[in-house]
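Undergrad: Have a look at the structure that comes next, please.
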Amino acid sequence: MELRVTDLTCARGGLPLIEGLSFALGRGEALVLRGPNGSGKTTLLRTLAGLQPALAGEISCPPEQMAYAAHADGLKSTLTVRENLAFWAAIHGLREVGPALEAMNLQDLADRQAQHLSAGQKRRLGLARLMVTGRWLWVLDEPTVSLDAASVALFAGVVRAHLATGGAALLATHIDLGLPEARLLDLSPYKAAIPADLGFGGFDGDNGGAFL
Amino acid sequence: MIALLIRDLRLAFRAGGGFGLGLGFFLILAVLVPLGVGPDPATLGLIAPGILWVGALLACLLSLDRIFALDHEDGSLDLLATSPIPLEGVVAIKALAHWITTGLPLALAAPVLAILLNLATPGFGVLIVSLVLGTPALSMIGAFGAALTVGLKRGGLLMSLLVLPLYMPTLVFGAQAVTRAAQGLDAVTPLLLLAGITAGSVALLPFAAAFALRINLR
Amino acid sequence: MASLWEYANPVKFMRLSGWLMPLSAVLAAALIGAGLIWGLFFTAEDYRMGASVKIIFLHVPSALMAINAWAMMLIASLIWLIRRHHVSALAAKAAAPVGAAMTLIALLTGAIWGQPMWGTWWAWDPRLTSFLILFLFYLGYIALWSAIDDPDTAADLTSVLCLVGSVFAVLSRYAAIFWNQGLHQGASLSVAPGERMDLSYRMPLYLCMIGFGLLFLALVLAGTRTEIRARRARALLTRERARA
C-alpha cells in the first residue's frame with residue numbers, strides 16, 4: 001500500500017491553487033512539503049484527508065487510512081490530557097494511550113486539564129493523538145508550531161519510529177525537522193495558472209469558472 | 001460512538017459546560033409568565049400547556065449552537081470528519097447528547113413548573129410523555145440547524161430564524177396533546193403524531209445535517 | 001430536439017432569457033390588466049359579499065404563486081444538488097424574494113377581504129397560519145443565502161434547507177389543520193358540486209392566474225439574470241485579485 005497522487009488539482013475559495021501535482025509516498029518514507037505562504041499546502045493536505053473535493057486528478061489512498069493533524073489540535077479544555085487522548089483512541093477503536101503519552105513526554109501531565117497546558121504542551125498532546133489512530137499515513141499541517149527545540153527533536157524521533165514500523169508521513173513545514181531521510185517536495189512549480197480566457201468554457205461543476 | 005456520547009456528556013456536566021442553563025431558563029420563563037399575565041388560576045391553567053411547550057422549545061434552542069460550534073472552533077470537527085465514525089453517526093450522537101442534557105431534564109422538571117402554572121391534574125402525565133416524545137425531535141432538528149450555520153461568525157440568531165419554523169409542527173402536536181389531556185379529552189392522536197415527527201426526524205435529519213457539515217468543512 | 005440542460009449554460013440562459021423575460025413581462029401585464037378590468041368592472045357582485053369579493057382576482061393568483069414559487073425552488077434546488085447547474089441554484093435564489101412577496105400579497109389581500117367578511121383583519125385560521133409559516137420559511141431561506149459568502153456553499157446549504165423545509169412546511173400545514181378547523185372558505189377553484197364558482201368569475205380569474213404565473217416567470221428571470229451578472233463580476237474580481 002502506498003499513496004500515489006496523480007495530476008491533482010485542488011482549489012480554495014473557488015480558485016484553483018495547485019495544478020497537475022503528482023507524487024508517490026510509500027511505507028517507511030517521509031515527504032516534506034515546501035512552498036511559500038499561500039502556495040496551497042493546507043489546501044492540499046485537506047484535499048488528501050477528504051475534507052474537500054479535488055477539482056481533478058486521483059488520490060490512490062482513501063482518507064480512512066490517513067491520520068490528519070491540522071493547525072487546531074481538537075482538544076477539549078475541561079478534559080484532562082489522558083481523557084482527551086483516550087477519547088481519540090476510543091474513536092479509532094484503540095484502548096492504550098500510555099505509549100503515546102510517554103512518547104510525547106506527557107506522562108507527568110496526564111491528569112492535568114488541557115486548559116492548563118502551555119501552547120507547546122497542547123501541541124504535543126495534539127501530536128500524540130496521531131499515535132492512537134492506528135493509521136499508517138500521517139498527514140501533518142505545520143506540526144512543529146509552538147514546539148521548542150527539544151520537543152521538535154522528540155517529535156522527529158516519534159516520526160522516525162512510525163516510519164520504522166511501516167508508517168509514512170507527509171508533512172508541511174517550514175523548519176528543518178532533523179529528518180535527513182525525508183524527501184522534499186516544492187509546491188511552487190505546481191502553482192495553478194489563472195484562467196486567462198474570458199470566453200464561456202465549460203459550465204458544469206467548476207467553481208465559478210462558468211462565469212468567466 | 002459511545003466514546004463520543006460520553007465525552008459530550010462529560011463536557012456538558014463539567015464547569016462551563018452549560019448544563020442546567022436551559023433548565024434555569026425554563027424556570028424563569030414559568031415565573032415570568034404569571035407575572036406578565038396576572039395571577040388568575042383559570043387563565044394560567046388555560047395557557048399552561050402552550051407556555052410549558054414554548055418554554056421547553058426556547059430552552060432547547062438556547063443551547064443548540066453548542067452542538068457543533070465548539071467542536072468547529074477547536075478543530076475537533078475536522079478530526080471527527082476524518083475519523084472512522086460516519087459523520088451521520090456523529091450528528092445523531094451529538095443530538096442525543098444534547099437531548100440528554102437538555103430535553104430530558106426539561107421533561108422531568110416540567111411537572112413542577114406545571115404546578116406553578118396551575119395546569120389541570122389530568123395534563124401532568126401527558127405533559128411528561130409529550131415532552132419525552134417530542135424533545136428528541138427538537139434536538140435533532142436543532143442539530144440540523146446548527147450544522148447549517150456552523151461556519152458562520154454570528155450564526156446563533158440566523159439559526160433561530162431557520163430552526164423555529166421547523167419546530168412548529170412539533171410544538172402544535174405537543175401543546176395540543178397537553179391541552180386535550182388537561183381538558184379531559186383523548187390525547188393519543190397528537191402523541192402519536194408527535195412520535196411520528198420524532199421518528200422521522202431521527203431517521204432522516206442526520207443525513208441532511210451531515211451533508212451540511214461536509215459542505216461547511218470544505 | 002435540443003436538451004433542456006443546454007440552458008444550464010449561463011451564456012445560453014442569458015441569450016434565452018434576454019427575449020423571454022421582456023416577453024413574459026409584457027404578456028403578464030396584458031393578462032393581469034385584462035383580467036382585473038374584466039373582473040372588477042364587468043362581473044356581478046356576490047349577493048353575500050358584495051363588491052369586496054372582487055379582491056379574489058388578486059388574492060387567489062398570489063396565493064397560488066406563493067406556493068408554486070416554493071415548489072419551483074424545491075425543484076431548482078434538487079437540480080442543483082444532483083446536476084450542479086449554477087443557473088438552477090441562482091434561479092432558486094431569485095425566486096425566494098418573489099415567493100415571499102407573493103405570500104405577503106396573499107396575506108394582505110386576505111386581511112383586507114377578511115375584515116368586512118369575518119369582522120377581523122387576522123384570524124388564526126389554518127390557511128392563514130400556514131401562509132404566515134410559509135412566509136417565515138421564505139425569510140429563513142433568504143437569510144441563509146445572504147449570510148454565506150461563498151456562492152457554492154450557500155447554494156448547497158440553502159438547497160438542503162429547502163428540501164428539509166418543504167417536508168416541514170407540509171407537516172406544518174397538517175399541524176395547522178389539526179390545531180384549528182378555521183374560518184376560511186373552501187378552495188376557490190373547487191370543482192365539488194355546489195362549490196363551483198360561476199364561469200363569469202372563473203374566466204377573469206384564470207386570466208389573472210396565468211398573468212401572475214407569467215409575472216413570476218418574468219421576475220425570476222430578471223432576478224436570475226442579475227445573479228448571473230453578479231457571479232460573473234465576482235469571478236472577474238477574484239481573478240484580478242489572484243493576479244495582483
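Lettering and numbering for the C-alpha cells are positional, with chains as A, B, ... in the shown order, residues counted from 1 in each chain, and ligands counted from 1 in the shown order.
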I'd like the contact shell of A:Arg123 - 8 Å cut-off, only C-alpha atoms, skipping same-chain residues fewer than 3 positions apart - returned as a short mmCIF file (atom, residue, chain, number, x, y, z; two decimals) with all heavy atoms, in the first residue's frame.
TA:
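The result, written out as selection.cif:
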data_model
loop_
_atom_site.label_atom_id
_atom_site.label_comp_id
_atom_site.auth_asym_id
_atom_site.auth_seq_id
_atom_site.Cartn_x
_atom_site.Cartn_y
_atom_site.Cartn_z
N ASP A 73 -5.74 21.57 17.40
CA ASP A 73 -5.46 20.24 17.90
C ASP A 73 -6.69 19.44 18.28
O ASP A 73 -6.60 18.26 18.57
CB ASP A 73 -4.54 20.34 19.13
CG ASP A 73 -3.17 20.83 18.76
OD1 ASP A 73 -2.60 20.30 17.80
OD2 ASP A 73 -2.67 21.77 19.41
N ALA A 119 1.16 26.28 25.27
CA ALA A 119 0.88 26.06 23.85
C ALA A 119 1.66 24.86 23.31
O ALA A 119 1.13 24.03 22.57
CB ALA A 119 1.23 27.32 23.05
N GLY A 120 2.94 24.77 23.72
CA GLY A 120 3.76 23.66 23.23
C GLY A 120 3.29 22.32 23.76
O GLY A 120 3.29 21.32 23.04
N GLY A 126 -1.66 17.17 20.90
CA GLY A 126 -2.29 17.04 19.58
C GLY A 126 -1.55 16.04 18.71
O GLY A 126 -2.17 15.27 17.96
N LEU A 127 -0.22 16.03 18.82
CA LEU A 127 0.57 15.10 18.01
C LEU A 127 0.51 13.68 18.56
O LEU A 127 0.56 12.71 17.81
CB LEU A 127 2.01 15.58 17.92
CG LEU A 127 2.18 16.91 17.16
CD1 LEU A 127 3.60 17.43 17.26
CD2 LEU A 127 1.78 16.75 15.70
N PRO A 143 3.29 20.72 11.87
CA PRO A 143 3.21 20.02 13.16
C PRO A 143 4.07 20.64 14.25
O PRO A 143 3.81 20.42 15.43
CB PRO A 143 3.70 18.60 12.82
CG PRO A 143 4.53 18.76 11.60
CD PRO A 143 3.94 19.90 10.84
N THR A 144 5.07 21.43 13.87
CA THR A 144 6.02 21.88 14.89
C THR A 144 5.73 23.28 15.41
O THR A 144 6.53 23.82 16.18
CB THR A 144 7.44 21.86 14.32
OG1 THR A 144 7.45 22.64 13.13
CG2 THR A 144 7.87 20.45 14.00
N VAL A 145 4.59 23.87 15.01
CA VAL A 145 4.27 25.20 15.50
C VAL A 145 4.22 25.19 17.03
O VAL A 145 3.67 24.28 17.63
CB VAL A 145 2.91 25.67 14.94
CG1 VAL A 145 2.44 26.93 15.64
CG2 VAL A 145 3.02 25.91 13.45
N SER A 146 4.84 26.16 17.64
CA SER A 146 4.94 26.36 19.10
C SER A 146 5.71 25.27 19.85
O SER A 146 5.67 25.23 21.07
CB SER A 146 3.57 26.63 19.75
OG SER A 146 2.63 25.64 19.47
N LEU A 147 6.42 24.41 19.14
CA LEU A 147 7.28 23.45 19.83
C LEU A 147 8.68 24.03 20.01
O LEU A 147 9.20 24.71 19.13
CB LEU A 147 7.40 22.16 19.01
CG LEU A 147 6.16 21.28 18.89
CD1 LEU A 147 6.51 19.98 18.17
CD2 LEU A 147 5.55 20.97 20.25
#
Undergrad: Please list as an NGL selection string every residue within 9 Å of A:Glu58, counting only C-alpha atoms and excluding residues in the same chain fewer than 5 positions away.
TA: :A and (4-8)
Undergrad: Near chain C, which residues of chain B fall within 7 Å when you count only C-alpha atoms, and what do they look like as a count of residues only?
TA: 12
Undergrad: Using only C-alpha atoms, determine which residues of chain B fall within 12 Å of chain A; present them as a VMD selection string.
TA: chain B and resid 1 to 17 70 to 87 89 to 90 213 to 218
Undergrad: Generate a file of the selected residues that holds N, CA and C atoms, formatted as a short mmCIF file (atom, residue, chain, number, x, y, z; two decimals), in the first residue's frame.
TA:
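Okay, out-v4.cif is ready:
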data_model
loop_
_atom_site.label_atom_id
_atom_site.label_comp_id
_atom_site.auth_asym_id
_atom_site.auth_seq_id
_atom_site.Cartn_x
_atom_site.Cartn_y
_atom_site.Cartn_z
N MET B 1 -18.52 5.42 19.05
CA MET B 1 -19.73 6.24 19.15
C MET B 1 -20.08 6.51 20.62
N ILE B 2 -20.00 5.42 21.43
CA ILE B 2 -20.26 5.57 22.86
C ILE B 2 -19.27 6.57 23.45
N ALA B 3 -18.01 6.48 22.97
CA ALA B 3 -16.97 7.37 23.49
C ALA B 3 -17.34 8.83 23.23
N LEU B 4 -17.91 9.09 22.04
CA LEU B 4 -18.31 10.45 21.69
C LEU B 4 -19.43 10.92 22.60
N LEU B 5 -20.40 10.01 22.85
CA LEU B 5 -21.52 10.36 23.73
C LEU B 5 -21.00 10.68 25.12
N ILE B 6 -20.11 9.81 25.63
CA ILE B 6 -19.58 10.02 26.98
C ILE B 6 -18.80 11.33 27.04
N ARG B 7 -18.00 11.61 25.99
CA ARG B 7 -17.23 12.85 26.00
C ARG B 7 -18.17 14.06 26.03
N ASP B 8 -19.20 14.05 25.18
CA ASP B 8 -20.09 15.20 25.11
C ASP B 8 -20.83 15.41 26.43
N LEU B 9 -21.26 14.29 27.06
CA LEU B 9 -21.95 14.41 28.34
C LEU B 9 -20.99 14.94 29.41
N ARG B 10 -19.75 14.41 29.40
CA ARG B 10 -18.76 14.84 30.38
C ARG B 10 -18.48 16.34 30.23
N LEU B 11 -18.35 16.78 28.98
CA LEU B 11 -18.10 18.19 28.73
C LEU B 11 -19.27 19.04 29.22
N ALA B 12 -20.49 18.54 29.02
CA ALA B 12 -21.66 19.32 29.42
C ALA B 12 -21.75 19.45 30.93
N PHE B 13 -21.36 18.37 31.63
CA PHE B 13 -21.51 18.40 33.09
C PHE B 13 -20.36 19.11 33.79
N ARG B 14 -19.20 19.22 33.13
CA ARG B 14 -18.08 19.92 33.77
C ARG B 14 -18.32 21.42 33.78
N ALA B 15 -17.50 22.13 34.55
CA ALA B 15 -17.66 23.58 34.68
C ALA B 15 -17.66 24.24 33.31
N GLY B 16 -18.57 25.16 33.11
CA GLY B 16 -18.63 25.87 31.84
C GLY B 16 -19.29 25.09 30.74
N GLY B 17 -19.80 23.90 31.05
CA GLY B 17 -20.41 23.07 30.03
C GLY B 17 -21.81 23.48 29.66
N LEU B 70 -18.54 24.61 19.10
CA LEU B 70 -17.34 24.47 19.91
C LEU B 70 -16.37 23.49 19.26
N ASP B 71 -16.92 22.38 18.73
CA ASP B 71 -16.06 21.40 18.07
C ASP B 71 -15.45 21.97 16.79
N HIS B 72 -16.17 22.88 16.17
CA HIS B 72 -15.65 23.50 14.96
C HIS B 72 -14.49 24.43 15.31
N GLU B 73 -14.67 25.20 16.40
CA GLU B 73 -13.65 26.16 16.79
C GLU B 73 -12.32 25.47 17.14
N ASP B 74 -12.39 24.41 17.93
CA ASP B 74 -11.13 23.81 18.39
C ASP B 74 -10.60 22.74 17.43
N GLY B 75 -11.25 22.59 16.29
CA GLY B 75 -10.72 21.67 15.28
C GLY B 75 -11.19 20.24 15.43
N SER B 76 -11.93 19.92 16.50
CA SER B 76 -12.37 18.53 16.70
C SER B 76 -13.26 18.07 15.55
N LEU B 77 -14.04 19.01 14.98
CA LEU B 77 -14.99 18.60 13.95
C LEU B 77 -14.25 18.10 12.71
N ASP B 78 -13.15 18.77 12.35
CA ASP B 78 -12.32 18.30 11.24
C ASP B 78 -11.83 16.88 11.52
N LEU B 79 -11.35 16.69 12.76
CA LEU B 79 -10.77 15.40 13.11
C LEU B 79 -11.85 14.32 13.17
N LEU B 80 -13.05 14.70 13.66
CA LEU B 80 -14.14 13.73 13.69
C LEU B 80 -14.55 13.35 12.27
N ALA B 81 -14.50 14.35 11.37
CA ALA B 81 -14.90 14.08 9.99
C ALA B 81 -13.92 13.12 9.32
N THR B 82 -12.66 13.10 9.79
CA THR B 82 -11.69 12.17 9.20
C THR B 82 -11.57 10.89 10.02
N SER B 83 -12.41 10.75 11.04
CA SER B 83 -12.34 9.57 11.91
C SER B 83 -13.16 8.43 11.31
N PRO B 84 -13.04 7.22 11.87
CA PRO B 84 -13.79 6.09 11.30
C PRO B 84 -15.30 6.20 11.50
N ILE B 85 -15.74 7.08 12.40
CA ILE B 85 -17.19 7.19 12.63
C ILE B 85 -17.81 7.99 11.49
N PRO B 86 -18.89 7.49 10.87
CA PRO B 86 -19.53 8.29 9.83
C PRO B 86 -20.09 9.58 10.43
N LEU B 87 -20.04 10.64 9.64
CA LEU B 87 -20.48 11.95 10.13
C LEU B 87 -21.96 11.91 10.53
N GLY B 89 -23.38 9.48 12.00
CA GLY B 89 -23.37 8.96 13.37
C GLY B 89 -22.96 10.03 14.35
N VAL B 90 -21.97 10.85 13.98
CA VAL B 90 -21.54 11.95 14.84
C VAL B 90 -22.72 12.87 15.13
N LEU B 213 -22.75 19.63 7.20
CA LEU B 213 -21.45 19.72 7.87
C LEU B 213 -20.31 19.56 6.87
N ARG B 214 -20.46 18.56 5.98
CA ARG B 214 -19.40 18.34 4.99
C ARG B 214 -19.20 19.59 4.14
N ILE B 215 -20.31 20.22 3.76
CA ILE B 215 -20.22 21.45 2.97
C ILE B 215 -19.48 22.52 3.77
N ASN B 216 -19.83 22.64 5.04
CA ASN B 216 -19.24 23.71 5.85
C ASN B 216 -17.78 23.47 6.19
N LEU B 217 -17.35 22.20 6.16
CA LEU B 217 -15.94 21.91 6.47
C LEU B 217 -15.06 22.10 5.24
N ARG B 218 -15.68 22.10 4.08
CA ARG B 218 -14.97 22.11 2.81
C ARG B 218 -14.00 23.28 2.71
#
Undergrad: Quick one: everything within 10 Å of stretch 101-107 of chain A, counting only C-alpha atoms, minus sequence neighbours fewer than 4 positions away in the same chain. Send it as a PyMOL selection string.
TA: chain A and resi 81-82+85+96-97+111-112+121-129+131-132+151+154-155+157-158+161
Undergrad: Using only C-alpha atoms, which of the listed residues (C:Gly50, C:Gly18, C:Gly211, C:Pro151) sits closest to chain A?
TA: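 The shortest atom-to-atom distance to chain A comes from C:Pro151.
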Undergrad: Quick one: DSSP alpha helix (DSSP H) residues in stretch 5-205 of chain A, as a PyMOL selection string?
TA: chain A and resi 41-48+81-91+98-103+119-131+149-164
Undergrad: Within 9 Å of chain A, which residues belong to chain C? Use only C-alpha atoms and report them as a compact mmCIF listing (two decimals) with N, CA and C atoms, in the first residue's frame.
TA:
# COMPACT_ATOMS: atom_id res chain seq x y z
N ALA C 8 -28.64 25.36 -18.90
CA ALA C 8 -27.85 25.45 -17.68
C ALA C 8 -26.56 26.22 -17.94
N ASN C 9 -26.20 26.38 -19.20
CA ASN C 9 -25.06 27.22 -19.55
C ASN C 9 -25.45 28.67 -19.40
N PRO C 10 -24.70 29.42 -18.57
CA PRO C 10 -25.09 30.82 -18.33
C PRO C 10 -25.24 31.62 -19.63
N VAL C 11 -24.38 31.38 -20.61
CA VAL C 11 -24.47 32.16 -21.85
C VAL C 11 -25.78 31.89 -22.55
N ARG C 83 -27.37 17.83 -10.37
CA ARG C 83 -26.61 18.06 -11.60
C ARG C 83 -25.63 19.21 -11.52
N ARG C 84 -25.60 19.94 -10.40
CA ARG C 84 -24.65 21.04 -10.20
C ARG C 84 -24.72 22.09 -11.30
N HIS C 85 -25.93 22.47 -11.72
CA HIS C 85 -26.06 23.58 -12.67
C HIS C 85 -26.18 24.88 -11.91
N HIS C 86 -25.22 25.78 -12.10
CA HIS C 86 -25.23 27.02 -11.34
C HIS C 86 -26.50 27.84 -11.56
N ASP C 150 -19.46 32.36 0.34
CA ASP C 150 -19.11 31.55 -0.83
C ASP C 150 -20.37 31.08 -1.55
N PRO C 151 -20.52 31.42 -2.85
CA PRO C 151 -21.78 31.14 -3.53
C PRO C 151 -22.12 29.65 -3.62
N ASP C 152 -21.11 28.80 -3.84
CA ASP C 152 -21.43 27.37 -3.96
C ASP C 152 -21.84 26.77 -2.62
N ILE C 228 -26.63 36.10 -12.20
CA ILE C 228 -25.57 35.60 -13.09
C ILE C 228 -24.55 36.70 -13.32
N ARG C 229 -25.04 37.93 -13.53
CA ARG C 229 -24.10 39.04 -13.74
C ARG C 229 -23.26 39.27 -12.47
N ARG C 231 -22.46 37.03 -10.25
CA ARG C 231 -21.48 35.94 -10.16
C ARG C 231 -20.32 36.19 -11.10
N ARG C 232 -20.63 36.68 -12.30
CA ARG C 232 -19.59 36.97 -13.28
C ARG C 232 -18.66 38.06 -12.76
N ALA C 233 -19.27 39.11 -12.19
CA ALA C 233 -18.47 40.19 -11.62
C ALA C 233 -17.58 39.64 -10.52
N ARG C 234 -18.15 38.77 -9.71
CA ARG C 234 -17.40 38.19 -8.60
C ARG C 234 -16.23 37.35 -9.10
N ALA C 235 -16.51 36.54 -10.13
CA ALA C 235 -15.47 35.69 -10.68
C ALA C 235 -14.34 36.55 -11.26
N LEU C 236 -14.71 37.63 -11.95
CA LEU C 236 -13.69 38.52 -12.53
C LEU C 236 -12.84 39.15 -11.43
N THR C 238 -12.31 38.03 -8.37
CA THR C 238 -11.44 37.03 -7.75
C THR C 238 -10.20 36.82 -8.62
N ARG C 239 -10.41 36.77 -9.94
CA ARG C 239 -9.29 36.53 -10.83
C ARG C 239 -8.30 37.69 -10.77
N ALA C 242 -6.30 37.53 -7.72
CA ALA C 242 -5.31 36.46 -7.76
C ALA C 242 -4.11 36.89 -8.60
N ARG C 243 -4.36 37.71 -9.61
CA ARG C 243 -3.26 38.15 -10.48
C ARG C 243 -2.39 39.19 -9.78
Undergrad: Could you name the residues that touch B:Gly50 at 12 Å or less, counting only C-alpha atoms, but leaving out those on the same chain fewer than 4 positions away, as a list in words?
TA: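 Residues meeting the cut-off are Ala30, Val33, Thr43, Leu44, Gly45, Leu46, Val54, Gly55, Ala56, Leu57, Ala114, Leu117, Leu119, Gly123, Leu127, Thr170, Leu171, Val172, Phe173, Gly174, Ala175, Gln176, Ala177, Val178, Thr179, Arg180 and Ala182 of chain B.
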Undergrad: Between atom CA of C:Ala95 and atom CA of C:Leu64, measure the distance and give it in Å to one decimal.
TA: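 Separation of atom CA of C:Ala95 and atom CA of C:Leu64: 14.2 Å.
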Undergrad: Would you work out the distance separating atom CA of A:Met1 from atom CA of A:Lys41, expressed in Å to one decimal?
TA: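 Between atom CA of A:Met1 and atom CA of A:Lys41 the gap works out to 23.4 Å.
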Undergrad: Can you tell me, as a ChimeraX atom specification, what residues are no more than 10 Å from stretch 99-110 of chain B when counting only C-alpha atoms, ignoring any on the same chain fewer than 5 positions away?
TA: /B:5,8-9,12-13,18-24,26-27,30,52-53,55-57,59-64,93-94,115-116,124,127-140
Undergrad: Those residues with C-alpha atoms, as a CSV table (one decimal), in the first residue's frame please?
TA:
chain,number,residue,atom,x,y,z
B,5,LEU,CA,-21.5,10.4,23.7
B,8,ASP,CA,-20.1,15.2,25.1
B,9,LEU,CA,-21.9,14.4,28.3
B,12,ALA,CA,-21.7,19.3,29.4
B,13,PHE,CA,-21.5,18.4,33.1
B,18,GLY,CA,-23.7,24.8,30.2
B,19,PHE,CA,-25.7,22.0,31.7
B,20,GLY,CA,-28.6,23.5,33.7
B,21,LEU,CA,-28.8,26.7,31.8
B,22,GLY,CA,-31.7,25.6,29.8
B,23,LEU,CA,-33.4,24.3,32.9
B,24,GLY,CA,-32.9,27.7,34.6
B,26,PHE,CA,-37.3,27.2,31.7
B,27,LEU,CA,-37.9,28.0,35.4
B,30,ALA,CA,-42.5,29.9,34.2
B,52,LEU,CA,-44.7,25.0,29.0
B,53,TRP,CA,-44.2,23.7,25.5
B,55,GLY,CA,-40.7,27.4,27.2
B,56,ALA,CA,-39.2,23.9,26.6
B,57,LEU,CA,-38.7,24.8,22.9
B,59,ALA,CA,-34.8,26.3,26.3
B,60,CYS,CA,-33.7,23.8,23.7
B,61,LEU,CA,-33.0,26.5,21.2
B,62,LEU,CA,-30.7,28.3,23.7
B,63,SER,CA,-28.1,25.6,23.8
B,64,LEU,CA,-28.2,24.5,20.1
B,93,ILE,CA,-24.8,11.1,18.8
B,94,LYS,CA,-24.4,14.8,19.4
B,115,ILE,CA,-47.9,23.3,39.3
B,116,LEU,CA,-46.7,27.0,39.2
B,124,PHE,CA,-49.5,16.1,34.1
B,127,LEU,CA,-47.1,16.7,29.7
B,128,ILE,CA,-44.1,14.4,30.6
B,129,VAL,CA,-44.9,11.9,27.9
B,130,SER,CA,-45.3,14.6,25.2
B,131,LEU,CA,-42.0,16.2,26.2
B,132,VAL,CA,-40.2,12.9,26.3
B,133,LEU,CA,-41.6,12.0,22.9
B,134,GLY,CA,-41.2,15.5,21.3
B,135,THR,CA,-37.9,16.9,22.6
B,136,PRO,CA,-35.8,14.4,20.7
B,137,ALA,CA,-37.2,15.9,17.5
B,138,LEU,CA,-36.3,19.4,18.8
B,139,SER,CA,-32.7,18.3,19.4
B,140,MET,CA,-32.4,16.6,16.0
Undergrad: So the first atom is atom CA of C:Ser62 and the second is atom CA of C:Phe13; what is the distance between them in Å, to one decimal place?
TA: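 Computing it gives 26.5 Å between the two atoms.
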